[in-house]
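Notes for the one structure printed next.
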Amino acid sequence: MSATRLWAVIPAAGRGTRFGSEVPKQYLEVAGRTLIAHALEALLAHPRVAGAMVALSADDAHWSGCSELHGKPVLRCAGGGERADSVLAALHALPAEVSDDTLVLVHDAARPNLRGEDLDRLIAAAEAQADGAILAAPVRDTLKRADAVAHIVATEPREGLWRALTPQAFRRGSLTAALEAARAAGVAVTDEAMAMERMGARPALVEGREDNLKVTTPADLALVEYLLNLRLSSRTQ
């Protein structure tokens, strides 16, 4: 298969209210850059990625105005109230030359520690089948089901369970149709794979590094900063 160029989509219209910061969490700085800047760097440094579309809130006052990275375009569009709305808006806003068969990588703006080797394996898996693929990690901890007052009521089997990570890689046309169908049915999908699953697809699970963390809490931010600084120091030695 020829090395077709891909596009990246980053939904970044969220307010990050659960994090508890006045600044949307994607604009918090770690290791000298904002979280979203690290995410863009990881994607656009890959030779197969041709450009990125970032979905921002209409009143975003924090966006850096970045329009190019590694000689590749960084475009922006208006996102929506939910993640799926932002991803769908970004898919519609991609340049006309991005065909329905083009593979699109959807990546969290607050997931800054993506590694190139994970991208390599994800792209290879997604190109090998029509249903696409996602980075994921097998569940290794024992799982407990709780009642309304946080008492254990059952231990759940973890066999066959994975944690969904990003990027998630699907062809533009198929993902657009899946997200539009979910919206029409009033189904709130929490990731792109869920939308594809509703259409009967069975995306591949590609095991990725567990330090590809999504920043959700202040503790996550501290851990990601440590990991990024560790990577930076290893490059300078």
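Quick note on naming: the chains in the structure tokens go A, B, ... in the order shown, residues restart at 1 in each chain, and ligands are numbered from 1 in order of appearance.
Excluding Gly81 in chain A itself and any same-chain residue fewer than 5 positions from it, the protein and nucleic acid residues within 8 Å of it, counting only C-alpha atoms, are A:Ala13, A:Gly14, A:Ser86.
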**Request:** Tell me which protein, DNA and RNA residues are within 7 Å of Lys72 in chain A, counting only C-alpha atoms, leaving out same-chain ones fewer than 3 positions away, and put them as a PyMOL selection string.
**Result:** chain A and resi 50-51+68-69
**Message:** With only C-alpha atoms as the counted atoms, please give the residues lying no more than 9 Å from Ala137 in chain A, apart from itself and same-chain residues fewer than 3 positions off, as a list of chain:residue names.
**Reply:** A:Arg140, A:Leu161, A:Trp162, A:Arg163, A:Ala164, A:Leu165, A:Leu205, A:Val206, A:Glu207, A:Gly208, A:Arg209, A:Glu210
Resulting file, chosen residues, N, CA, C and O atoms, as a CSV table (one decimal), in the first residue's frame:
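New file result.csv:
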```csv
chain,number,residue,atom,x,y,z
A,140,ARG,N,-5.6,-3.9,33.7
A,140,ARG,CA,-4.8,-4.7,34.5
A,140,ARG,C,-5.2,-4.8,35.9
A,140,ARG,O,-4.8,-5.7,36.7
A,161,LEU,N,-11.2,-6.7,28.7
A,161,LEU,CA,-11.5,-5.3,28.8
A,161,LEU,C,-10.3,-4.5,28.5
A,161,LEU,O,-9.2,-4.8,29.0
A,162,TRP,N,-10.5,-3.4,27.8
A,162,TRP,CA,-9.4,-2.4,27.4
A,162,TRP,C,-9.8,-1.0,27.8
A,162,TRP,O,-11.0,-0.7,27.7
A,163,ARG,N,-8.9,-0.2,28.1
A,163,ARG,CA,-9.1,1.3,28.2
A,163,ARG,C,-8.8,2.0,26.9
A,163,ARG,O,-7.7,1.8,26.3
A,164,ALA,N,-9.8,2.7,26.4
A,164,ALA,CA,-9.6,3.4,25.1
A,164,ALA,C,-8.7,4.6,25.3
A,164,ALA,O,-8.9,5.4,26.2
A,165,LEU,N,-7.7,4.7,24.4
A,165,LEU,CA,-6.8,5.9,24.4
A,165,LEU,C,-7.1,6.6,23.1
A,165,LEU,O,-8.0,6.3,22.3
A,205,LEU,N,-8.0,-3.1,18.2
A,205,LEU,CA,-7.4,-2.5,19.4
A,205,LEU,C,-5.9,-2.7,19.2
A,205,LEU,O,-5.3,-3.8,19.0
A,206,VAL,N,-5.1,-1.5,19.3
A,206,VAL,CA,-3.7,-1.5,19.2
A,206,VAL,C,-3.1,-1.2,20.5
A,206,VAL,O,-3.3,0.0,21.0
A,207,GLU,N,-2.4,-2.0,21.1
A,207,GLU,CA,-1.9,-1.7,22.5
A,207,GLU,C,-0.9,-0.6,22.4
A,207,GLU,O,0.1,-0.7,21.7
A,208,GLY,N,-1.2,0.4,23.2
A,208,GLY,CA,-0.3,1.6,23.2
A,208,GLY,C,0.3,1.8,24.6
A,208,GLY,O,-0.1,1.1,25.6
A,209,ARG,N,1.3,2.7,24.7
A,209,ARG,CA,1.9,2.9,26.0
A,209,ARG,C,1.0,3.5,27.0
A,209,ARG,O,0.1,4.4,26.7
A,210,GLU,N,1.1,3.1,28.2
A,210,GLU,CA,0.1,3.5,29.2
A,210,GLU,C,0.5,4.9,29.7
A,210,GLU,O,-0.3,5.5,30.5
```
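Between CA of Ala109 in chain A and CA of Leu227 in chain A there is a distance of 16.8 Å.
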**Asked** What is the distance, in Å and to one decimal place, between CA of Leu43 in chain A and CA of Ser67 in chain A?
**Response** 14.4 Å
**Message:** According to DSSP computed on the backbone, where in range 22-93 of chain A is there helix (DSSP H, G or I)? Give the residues as a PyMOL selection string.
**Reply:** chain A and resi 25-27+35-44+83-93
Take the selection from the previous step and output its residues with N, CA and C atoms, as a PDB file, in the first residue's frame.
```
ATOM      1  N   LYS A  25      -8.194  23.270  30.290  1.00  0.00           N
ATOM      2  CA  LYS A  25      -7.025  22.456  30.621  1.00  0.00           C
ATOM      3  C   LYS A  25      -6.083  22.256  29.437  1.00  0.00           C
ATOM      4  N   GLN A  26      -6.605  22.302  28.199  1.00  0.00           N
ATOM      5  CA  GLN A  26      -5.720  22.109  27.046  1.00  0.00           C
ATOM      6  C   GLN A  26      -4.693  23.228  26.909  1.00  0.00           C
ATOM      7  N   TYR A  27      -4.903  24.351  27.628  1.00  0.00           N
ATOM      8  CA  TYR A  27      -3.975  25.478  27.565  1.00  0.00           C
ATOM      9  C   TYR A  27      -3.068  25.583  28.791  1.00  0.00           C
ATOM     10  N   LEU A  35      -0.571  21.925  26.802  1.00  0.00           N
ATOM     11  CA  LEU A  35      -0.907  20.535  26.504  1.00  0.00           C
ATOM     12  C   LEU A  35      -1.248  20.355  25.030  1.00  0.00           C
ATOM     13  N   ILE A  36      -2.037  21.266  24.476  1.00  0.00           N
ATOM     14  CA  ILE A  36      -2.437  21.124  23.078  1.00  0.00           C
ATOM     15  C   ILE A  36      -1.246  21.303  22.139  1.00  0.00           C
ATOM     16  N   ALA A  37      -0.292  22.142  22.516  1.00  0.00           N
ATOM     17  CA  ALA A  37       0.908  22.314  21.695  1.00  0.00           C
ATOM     18  C   ALA A  37       1.727  21.024  21.664  1.00  0.00           C
ATOM     19  N   HIS A  38       1.839  20.345  22.796  1.00  0.00           N
ATOM     20  CA  HIS A  38       2.528  19.045  22.821  1.00  0.00           C
ATOM     21  C   HIS A  38       1.798  18.038  21.939  1.00  0.00           C
ATOM     22  N   ALA A  39       0.453  18.032  22.011  1.00  0.00           N
ATOM     23  CA  ALA A  39      -0.323  17.087  21.209  1.00  0.00           C
ATOM     24  C   ALA A  39      -0.119  17.339  19.721  1.00  0.00           C
ATOM     25  N   LEU A  40      -0.157  18.599  19.321  1.00  0.00           N
ATOM     26  CA  LEU A  40       0.057  18.945  17.916  1.00  0.00           C
ATOM     27  C   LEU A  40       1.466  18.569  17.465  1.00  0.00           C
ATOM     28  N   GLU A  41       2.439  18.819  18.304  1.00  0.00           N
ATOM     29  CA  GLU A  41       3.825  18.476  17.975  1.00  0.00           C
ATOM     30  C   GLU A  41       3.960  16.970  17.716  1.00  0.00           C
ATOM     31  N   ALA A  42       3.370  16.163  18.584  1.00  0.00           N
ATOM     32  CA  ALA A  42       3.474  14.710  18.435  1.00  0.00           C
ATOM     33  C   ALA A  42       2.846  14.238  17.137  1.00  0.00           C
ATOM     34  N   LEU A  43       1.732  14.831  16.754  1.00  0.00           N
ATOM     35  CA  LEU A  43       1.042  14.421  15.535  1.00  0.00           C
ATOM     36  C   LEU A  43       1.762  14.900  14.280  1.00  0.00           C
ATOM     37  N   LEU A  44       2.098  16.178  14.233  1.00  0.00           N
ATOM     38  CA  LEU A  44       2.633  16.760  13.008  1.00  0.00           C
ATOM     39  C   LEU A  44       4.111  16.446  12.791  1.00  0.00           C
ATOM     40  N   ARG A  83     -17.904  16.547  22.645  1.00  0.00           N
ATOM     41  CA  ARG A  83     -16.751  16.074  21.874  1.00  0.00           C
ATOM     42  C   ARG A  83     -17.160  15.642  20.468  1.00  0.00           C
ATOM     43  N   ALA A  84     -18.229  14.834  20.386  1.00  0.00           N
ATOM     44  CA  ALA A  84     -18.652  14.327  19.080  1.00  0.00           C
ATOM     45  C   ALA A  84     -19.016  15.463  18.135  1.00  0.00           C
ATOM     46  N   ASP A  85     -19.626  16.529  18.672  1.00  0.00           N
ATOM     47  CA  ASP A  85     -19.979  17.683  17.840  1.00  0.00           C
ATOM     48  C   ASP A  85     -18.727  18.342  17.269  1.00  0.00           C
ATOM     49  N   SER A  86     -17.694  18.454  18.101  1.00  0.00           N
ATOM     50  CA  SER A  86     -16.446  19.080  17.653  1.00  0.00           C
ATOM     51  C   SER A  86     -15.738  18.228  16.613  1.00  0.00           C
ATOM     52  N   VAL A  87     -15.705  16.919  16.823  1.00  0.00           N
ATOM     53  CA  VAL A  87     -15.065  16.040  15.855  1.00  0.00           C
ATOM     54  C   VAL A  87     -15.806  16.098  14.526  1.00  0.00           C
ATOM     55  N   LEU A  88     -17.127  16.078  14.579  1.00  0.00           N
ATOM     56  CA  LEU A  88     -17.916  16.139  13.345  1.00  0.00           C
ATOM     57  C   LEU A  88     -17.691  17.461  12.619  1.00  0.00           C
ATOM     58  N   ALA A  89     -17.646  18.563  13.361  1.00  0.00           N
ATOM     59  CA  ALA A  89     -17.386  19.868  12.744  1.00  0.00           C
ATOM     60  C   ALA A  89     -16.023  19.887  12.076  1.00  0.00           C
ATOM     61  N   ALA A  90     -15.028  19.305  12.724  1.00  0.00           N
ATOM     62  CA  ALA A  90     -13.679  19.268  12.161  1.00  0.00           C
ATOM     63  C   ALA A  90     -13.625  18.410  10.903  1.00  0.00           C
ATOM     64  N   LEU A  91     -14.329  17.290  10.915  1.00  0.00           N
ATOM     65  CA  LEU A  91     -14.365  16.433   9.730  1.00  0.00           C
ATOM     66  C   LEU A  91     -14.972  17.167   8.538  1.00  0.00           C
ATOM     67  N   HIS A  92     -16.049  17.907   8.795  1.00  0.00           N
ATOM     68  CA  HIS A  92     -16.685  18.676   7.721  1.00  0.00           C
ATOM     69  C   HIS A  92     -15.779  19.802   7.228  1.00  0.00           C
ATOM     70  N   ALA A  93     -14.939  20.340   8.116  1.00  0.00           N
ATOM     71  CA  ALA A  93     -14.107  21.502   7.769  1.00  0.00           C
ATOM     72  C   ALA A  93     -12.787  21.129   7.099  1.00  0.00           C
TER      73      ALA A  93
END
```
**Request:** Please indicate the distance in Å from CA of Ala45 in chain A to CA of His70 in chain A, rounded to one decimal place.
**Result:** 6.5 Å
**Request:** Write out as a PyMOL selection string the residues lying within 12 Å of Leu122 in chain A, counting only C-alpha atoms and excluding same-chain residues fewer than 3 positions away.
**Result:** chain A and resi 48+103-106+114-119+125-129+132-136+165-170+203-209
**Sel. of strand (DSSP E or B) residues, range 80-177 of chain A, as an NGL selection string** = :A and (103-106 or 133-138 or 143-146 or 152-156 or 162-171)
How would the residues just chosen look if you wrote them out with N, CA and C atoms as a tab-separated table (two decimals), in the first residue's frame?
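Listed below is the output, selection.tsv:
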```
chain	number	residue	atom	x	y	z
A	103	LEU	N	-7.47	8.45	5.84
A	103	LEU	CA	-7.45	8.10	7.25
A	103	LEU	C	-7.28	9.36	8.09
A	104	VAL	N	-8.13	9.50	9.11
A	104	VAL	CA	-8.10	10.65	10.01
A	104	VAL	C	-7.79	10.16	11.42
A	105	LEU	N	-6.84	10.83	12.07
A	105	LEU	CA	-6.46	10.50	13.44
A	105	LEU	C	-7.11	11.50	14.38
A	106	VAL	N	-7.99	11.05	15.26
A	106	VAL	CA	-8.63	11.93	16.24
A	106	VAL	C	-7.90	11.78	17.57
A	133	ALA	N	-8.93	1.61	13.62
A	133	ALA	CA	-8.25	1.10	14.82
A	133	ALA	C	-8.10	2.20	15.84
A	134	ILE	N	-7.90	1.81	17.09
A	134	ILE	CA	-7.66	2.78	18.15
A	134	ILE	C	-6.49	2.31	19.02
A	135	LEU	N	-5.78	3.27	19.59
A	135	LEU	CA	-4.82	2.92	20.64
A	135	LEU	C	-5.61	2.60	21.91
A	136	ALA	N	-5.15	1.60	22.64
A	136	ALA	CA	-5.85	1.18	23.85
A	136	ALA	C	-4.86	0.44	24.76
A	137	ALA	N	-5.28	0.22	25.99
A	137	ALA	CA	-4.45	-0.50	26.96
A	137	ALA	C	-5.30	-1.52	27.69
A	138	PRO	N	-4.85	-2.76	27.80
A	138	PRO	CA	-5.62	-3.76	28.54
A	138	PRO	C	-5.81	-3.34	29.99
A	143	LEU	N	-11.28	-4.90	39.08
A	143	LEU	CA	-12.39	-3.95	38.95
A	143	LEU	C	-13.47	-4.25	39.99
A	144	LYS	N	-13.93	-3.21	40.68
A	144	LYS	CA	-14.98	-3.34	41.67
A	144	LYS	C	-16.21	-2.53	41.25
A	145	ARG	N	-17.38	-3.12	41.39
A	145	ARG	CA	-18.63	-2.39	41.18
A	145	ARG	C	-19.11	-1.87	42.53
A	146	ALA	N	-19.52	-0.59	42.58
A	146	ALA	CA	-19.91	0.04	43.84
A	146	ALA	C	-21.40	0.36	43.86
A	152	ILE	N	-18.42	-1.75	48.04
A	152	ILE	CA	-18.28	-2.77	47.01
A	152	ILE	C	-19.48	-3.70	47.01
A	153	VAL	N	-20.03	-3.93	45.82
A	153	VAL	CA	-21.12	-4.90	45.69
A	153	VAL	C	-20.71	-6.10	44.83
A	154	ALA	N	-19.63	-5.94	44.04
A	154	ALA	CA	-19.20	-7.06	43.21
A	154	ALA	C	-17.80	-6.81	42.68
A	155	THR	N	-17.10	-7.90	42.37
A	155	THR	CA	-15.84	-7.83	41.65
A	155	THR	C	-16.12	-8.26	40.21
A	156	GLU	N	-15.73	-7.39	39.27
A	156	GLU	CA	-16.04	-7.62	37.86
A	156	GLU	C	-14.85	-8.26	37.15
A	162	TRP	N	-10.46	-3.36	27.80
A	162	TRP	CA	-9.39	-2.44	27.44
A	162	TRP	C	-9.82	-1.02	27.75
A	163	ARG	N	-8.86	-0.15	28.05
A	163	ARG	CA	-9.10	1.28	28.20
A	163	ARG	C	-8.82	1.96	26.86
A	164	ALA	N	-9.79	2.70	26.36
A	164	ALA	CA	-9.61	3.39	25.09
A	164	ALA	C	-8.71	4.60	25.26
A	165	LEU	N	-7.71	4.72	24.41
A	165	LEU	CA	-6.82	5.87	24.37
A	165	LEU	C	-7.05	6.61	23.05
A	166	THR	N	-6.23	7.59	22.76
A	166	THR	CA	-6.21	8.22	21.45
A	166	THR	C	-4.76	8.37	21.02
A	167	PRO	N	-4.53	8.51	19.69
A	167	PRO	CA	-5.50	8.73	18.63
A	167	PRO	C	-6.37	7.50	18.34
A	168	GLN	N	-7.53	7.80	17.70
A	168	GLN	CA	-8.39	6.79	17.12
A	168	GLN	C	-8.42	7.08	15.62
A	169	ALA	N	-8.25	6.07	14.80
A	169	ALA	CA	-8.01	6.26	13.37
A	169	ALA	C	-9.10	5.61	12.53
A	170	PHE	N	-9.79	6.44	11.76
A	170	PHE	CA	-10.86	5.97	10.88
A	170	PHE	C	-10.85	6.75	9.57
A	171	ARG	N	-11.46	6.19	8.56
A	171	ARG	CA	-11.58	6.92	7.30
A	171	ARG	C	-12.62	8.02	7.43
```
